[in-house]
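Heads up, the thing below is written out as structure tokens.
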Amino acid sequence: MNIFFKKGEYFKSVKFSTSPRDMFIMRSIIDNENTGIQQFRLALAEVEPGNSAPEHKHNCDEIFYVLEGKGTFRVEEEEYEAEPGDSLYVKADALHGPHTNTGEKLWRYLYITGQLLRPQTWHDTVIPSGEKPRIEQLD
């Protein structure tokens with residue numbers, strides 16, 4: 001089965017948050033739910049100015065690619081200033097975030113997660129504070 005998405009078309013969009021400032025929109029493009037693919041997942045993150053994707057970890061490798069805006073990616077103790085064209089690799093189980101929009105416009109980046117090493121969903125993402133993230137489906 002082939003699935004083609006035009007720019008601006010997404011399979012599913014959700015708001016992921018732990019607080020009003022730690023909030024971003026995740027727009028799923030290609031994943032297991034809409035294709036049955038097992039090896040990886042492609043999604044788009046949108047972070048408003050001053051907001052962050054919260055600190056978390058999960059059990060798969062992840063690659064980020066910045067499309068527009070600017071911000072900082074934090075991985076364990078390192079922080080990286082990122083702008084369009086920059087990319088970042090994060091190994092499985094590495095604590096990463098907050099990923100913070102430091103600009104004045106929407107920060108958008110693609111991310112690809114590798115095959116999960118253990119079954120997991122966004123609801124199982126590990127937040128260091130121990131709280132569970134709030135997931136709100138937008139469409």
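Letters A, B, ... mark the chains of the structure tokens in the order given; residue numbers begin at 1 per chain; ligand numbers begin at 1, in order shown.
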Could you please write out, as an MDAnalysis selection string, every residue of chain A that DSSP assigns to strand (DSSP E or B)?
chainID A and resid 12:17 22:30 40:47 52:53 56:57 62:68 71:75 78:82 87:90 96 99:101 107:114 126 134:137
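Closest approach to A:Gly85 among A:Leu44, A:Phe73, A:Asn101, A:Glu68 is made by A:Glu68 (distances from only C-alpha atoms).
Closest to A:Glu62 among A:Ala92, A:Leu138, A:Ala45, A:Ile3 is A:Ala92, based on only C-alpha atoms.
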With only C-alpha atoms as the atoms that count, which of A:Asp93, A:Asp22, A:Glu136, A:Asp31 lies nearest to A:Asn59?
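Closest to A:Asn59 of all the choices is A:Asp93.
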Set the distance at 10 Å and use only C-alpha atoms: which residues neighbour A:Trp107 once local chain neighbours fewer than 2 positions away are removed? I'd like the list as a short mmCIF file (atom, residue, chain, number, x, y, z; two decimals) with C-alpha atoms, in the first residue's frame.
data_model
loop_
_atom_site.label_atom_id
_atom_site.label_comp_id
_atom_site.auth_asym_id
_atom_site.auth_seq_id
_atom_site.Cartn_x
_atom_site.Cartn_y
_atom_site.Cartn_z
CA PHE A 24 3.52 21.44 21.29
CA ALA A 45 6.30 19.19 15.55
CA GLU A 46 5.00 22.76 15.85
CA VAL A 47 6.13 24.80 18.86
CA GLU A 48 4.79 28.31 19.49
CA PRO A 49 7.21 31.12 20.51
CA GLY A 50 8.30 30.69 24.13
CA ASN A 51 6.83 27.18 24.38
CA SER A 52 8.67 23.88 24.63
CA VAL A 66 14.35 21.86 11.36
CA LEU A 67 12.09 23.31 8.66
CA GLU A 68 11.45 26.84 9.93
CA GLY A 69 11.85 29.05 12.98
CA LYS A 70 14.55 28.61 15.58
CA GLY A 71 14.96 26.99 18.93
CA ALA A 82 18.87 24.99 15.77
CA GLU A 83 17.53 26.77 12.69
CA PRO A 84 16.25 25.68 9.26
CA THR A 100 12.28 25.37 23.23
CA ASN A 101 11.19 27.85 20.58
CA THR A 102 13.56 30.80 21.06
CA GLY A 103 12.30 32.76 18.06
CA GLU A 104 9.38 35.04 17.35
CA LYS A 105 7.49 32.74 14.96
CA TYR A 109 10.68 20.47 12.69
#
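Scanning chain A with DSSP on the backbone, the alpha helix (DSSP H) assignments fall on A:Asn32, A:Glu33, A:Asn34, A:Thr35.
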Can you pull out the residues contacting stretch 34-43 of chain A? Cut-off 10 Å, using only C-alpha atoms, and skip same-chain residues under 4 positions away; I want them as a ChimeraX atom specification.
/A:1-3,10-13,26-30,60-64,109-116
N, CA and C atoms of the current selection, written as a PDB file, in the first residue's frame:
ATOM      1  N   MET A   1       0.839  -1.170   0.000  1.00  0.00           N
ATOM      2  CA  MET A   1       0.000   0.000   0.000  1.00  0.00           C
ATOM      3  C   MET A   1       0.891   1.243   0.000  1.00  0.00           C
ATOM      4  N   ASN A   2       0.615   2.182  -0.871  1.00  0.00           N
ATOM      5  CA  ASN A   2       1.308   3.462  -0.915  1.00  0.00           C
ATOM      6  C   ASN A   2       0.372   4.536  -0.392  1.00  0.00           C
ATOM      7  N   ILE A   3       0.914   5.444   0.388  1.00  0.00           N
ATOM      8  CA  ILE A   3       0.124   6.566   0.894  1.00  0.00           C
ATOM      9  C   ILE A   3       0.921   7.823   0.604  1.00  0.00           C
ATOM     10  N   TYR A  10      -2.194  15.781   7.049  1.00  0.00           N
ATOM     11  CA  TYR A  10      -1.636  14.947   8.110  1.00  0.00           C
ATOM     12  C   TYR A  10      -2.617  13.844   8.447  1.00  0.00           C
ATOM     13  N   PHE A  11      -2.093  12.746   8.926  1.00  0.00           N
ATOM     14  CA  PHE A  11      -2.930  11.628   9.319  1.00  0.00           C
ATOM     15  C   PHE A  11      -3.686  11.954  10.600  1.00  0.00           C
ATOM     16  N   LYS A  12      -2.977  12.500  11.589  1.00  0.00           N
ATOM     17  CA  LYS A  12      -3.581  12.818  12.876  1.00  0.00           C
ATOM     18  C   LYS A  12      -2.756  13.914  13.538  1.00  0.00           C
ATOM     19  N   SER A  13      -3.425  14.848  14.205  1.00  0.00           N
ATOM     20  CA  SER A  13      -2.740  15.904  14.948  1.00  0.00           C
ATOM     21  C   SER A  13      -3.174  15.845  16.405  1.00  0.00           C
ATOM     22  N   MET A  26       1.809  17.858  17.666  1.00  0.00           N
ATOM     23  CA  MET A  26       2.452  16.775  16.932  1.00  0.00           C
ATOM     24  C   MET A  26       1.515  16.386  15.800  1.00  0.00           C
ATOM     25  N   ARG A  27       2.010  16.494  14.572  1.00  0.00           N
ATOM     26  CA  ARG A  27       1.220  16.134  13.401  1.00  0.00           C
ATOM     27  C   ARG A  27       1.825  14.871  12.792  1.00  0.00           C
ATOM     28  N   SER A  28       1.160  13.766  12.995  1.00  0.00           N
ATOM     29  CA  SER A  28       1.630  12.477  12.501  1.00  0.00           C
ATOM     30  C   SER A  28       1.443  12.415  10.991  1.00  0.00           C
ATOM     31  N   ILE A  29       2.477  12.020  10.278  1.00  0.00           N
ATOM     32  CA  ILE A  29       2.422  11.929   8.824  1.00  0.00           C
ATOM     33  C   ILE A  29       2.361  10.457   8.411  1.00  0.00           C
ATOM     34  N   ILE A  30       3.386   9.699   8.744  1.00  0.00           N
ATOM     35  CA  ILE A  30       3.430   8.286   8.400  1.00  0.00           C
ATOM     36  C   ILE A  30       3.773   7.498   9.660  1.00  0.00           C
ATOM     37  N   CYS A  60      13.473   4.507  21.623  1.00  0.00           N
ATOM     38  CA  CYS A  60      13.879   4.362  20.220  1.00  0.00           C
ATOM     39  C   CYS A  60      14.758   5.541  19.825  1.00  0.00           C
ATOM     40  N   ASP A  61      15.555   5.353  18.793  1.00  0.00           N
ATOM     41  CA  ASP A  61      16.362   6.436  18.250  1.00  0.00           C
ATOM     42  C   ASP A  61      15.431   7.465  17.612  1.00  0.00           C
ATOM     43  N   GLU A  62      15.930   8.702  17.498  1.00  0.00           N
ATOM     44  CA  GLU A  62      15.118   9.770  16.909  1.00  0.00           C
ATOM     45  C   GLU A  62      16.023  10.733  16.145  1.00  0.00           C
ATOM     46  N   ILE A  63      15.513  11.220  15.019  1.00  0.00           N
ATOM     47  CA  ILE A  63      16.218  12.211  14.208  1.00  0.00           C
ATOM     48  C   ILE A  63      15.302  13.411  14.037  1.00  0.00           C
ATOM     49  N   PHE A  64      15.852  14.610  14.205  1.00  0.00           N
ATOM     50  CA  PHE A  64      15.124  15.855  14.028  1.00  0.00           C
ATOM     51  C   PHE A  64      15.693  16.614  12.834  1.00  0.00           C
ATOM     52  N   TYR A 109       9.641  21.433  13.043  1.00  0.00           N
ATOM     53  CA  TYR A 109      10.677  20.469  12.694  1.00  0.00           C
ATOM     54  C   TYR A 109      10.060  19.096  12.477  1.00  0.00           C
ATOM     55  N   LEU A 110      10.645  18.381  11.533  1.00  0.00           N
ATOM     56  CA  LEU A 110      10.272  16.992  11.296  1.00  0.00           C
ATOM     57  C   LEU A 110      11.027  16.125  12.281  1.00  0.00           C
ATOM     58  N   TYR A 111      10.412  15.025  12.669  1.00  0.00           N
ATOM     59  CA  TYR A 111      11.174  14.052  13.420  1.00  0.00           C
ATOM     60  C   TYR A 111      10.788  12.651  12.987  1.00  0.00           C
ATOM     61  N   ILE A 112      11.800  11.807  12.972  1.00  0.00           N
ATOM     62  CA  ILE A 112      11.645  10.407  12.612  1.00  0.00           C
ATOM     63  C   ILE A 112      12.087   9.594  13.813  1.00  0.00           C
ATOM     64  N   THR A 113      11.205   8.739  14.294  1.00  0.00           N
ATOM     65  CA  THR A 113      11.580   7.838  15.381  1.00  0.00           C
ATOM     66  C   THR A 113      11.789   6.459  14.791  1.00  0.00           C
ATOM     67  N   GLY A 114      12.793   5.778  15.314  1.00  0.00           N
ATOM     68  CA  GLY A 114      13.086   4.434  14.842  1.00  0.00           C
ATOM     69  C   GLY A 114      12.124   3.420  15.423  1.00  0.00           C
ATOM     70  N   GLN A 115      12.358   2.178  15.094  1.00  0.00           N
ATOM     71  CA  GLN A 115      11.524   1.107  15.616  1.00  0.00           C
ATOM     72  C   GLN A 115      11.618   1.090  17.138  1.00  0.00           C
ATOM     73  N   LEU A 116      10.475   0.991  17.801  1.00  0.00           N
ATOM     74  CA  LEU A 116      10.468   0.930  19.255  1.00  0.00           C
ATOM     75  C   LEU A 116      11.156  -0.340  19.728  1.00  0.00           C
TER      76      LEU A 116
END
What separation in Å, quoted to one decimal, exists between atom CA of A:Arg74 and atom CA of A:Ala94?
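Pair atom CA of A:Arg74 / atom CA of A:Ala94 returns 10.4 Å.
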A:Arg134 environment, 7 Å, only C-alpha atoms, sequence neighbours closer than 2 positions dropped, as a ChimeraX atom specification
/A:16-18,132,136
Dump N, CA and C atoms for the selected residues as a PDB file, in the first residue's frame?
ATOM      1  N   PHE A  16       0.269  17.850  22.748  1.00  0.00           N
ATOM      2  CA  PHE A  16       0.994  17.117  23.786  1.00  0.00           C
ATOM      3  C   PHE A  16       1.442  18.140  24.811  1.00  0.00           C
ATOM      4  N   SER A  17       1.028  17.997  26.072  1.00  0.00           N
ATOM      5  CA  SER A  17       1.400  19.013  27.056  1.00  0.00           C
ATOM      6  C   SER A  17       1.551  18.435  28.453  1.00  0.00           C
ATOM      7  N   THR A  18       2.387  19.093  29.235  1.00  0.00           N
ATOM      8  CA  THR A  18       2.495  18.819  30.666  1.00  0.00           C
ATOM      9  C   THR A  18       2.214  20.085  31.454  1.00  0.00           C
ATOM     10  N   LYS A 132       2.046  12.241  33.905  1.00  0.00           N
ATOM     11  CA  LYS A 132       1.675  11.732  32.588  1.00  0.00           C
ATOM     12  C   LYS A 132       1.342  12.910  31.684  1.00  0.00           C
ATOM     13  N   GLU A 136      -4.323  15.530  23.584  1.00  0.00           N
ATOM     14  CA  GLU A 136      -5.626  15.978  23.098  1.00  0.00           C
ATOM     15  C   GLU A 136      -5.619  15.864  21.585  1.00  0.00           C
TER      16      GLU A 136
END
Mind giving me the straight-line distance from atom CA of A:Val90 to atom CA of A:His56 in Å, one decimal?
11.7 Å
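Distances to A:Ser19 were evaluated for A:Glu33, A:Phe4, A:Glu55, A:Tyr89 using only C-alpha atoms, and the minimum falls at A:Glu55.
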Taking only C-alpha atoms into account, which of A:Ile135, A:His58, A:Lys15, A:His96 comes nearest A:Val75?
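Result for the nearest residue to A:Val75: A:His96.
From atom CA of A:Gly97 back to atom CA of A:Glu77, the distance works out to 10.0 Å.
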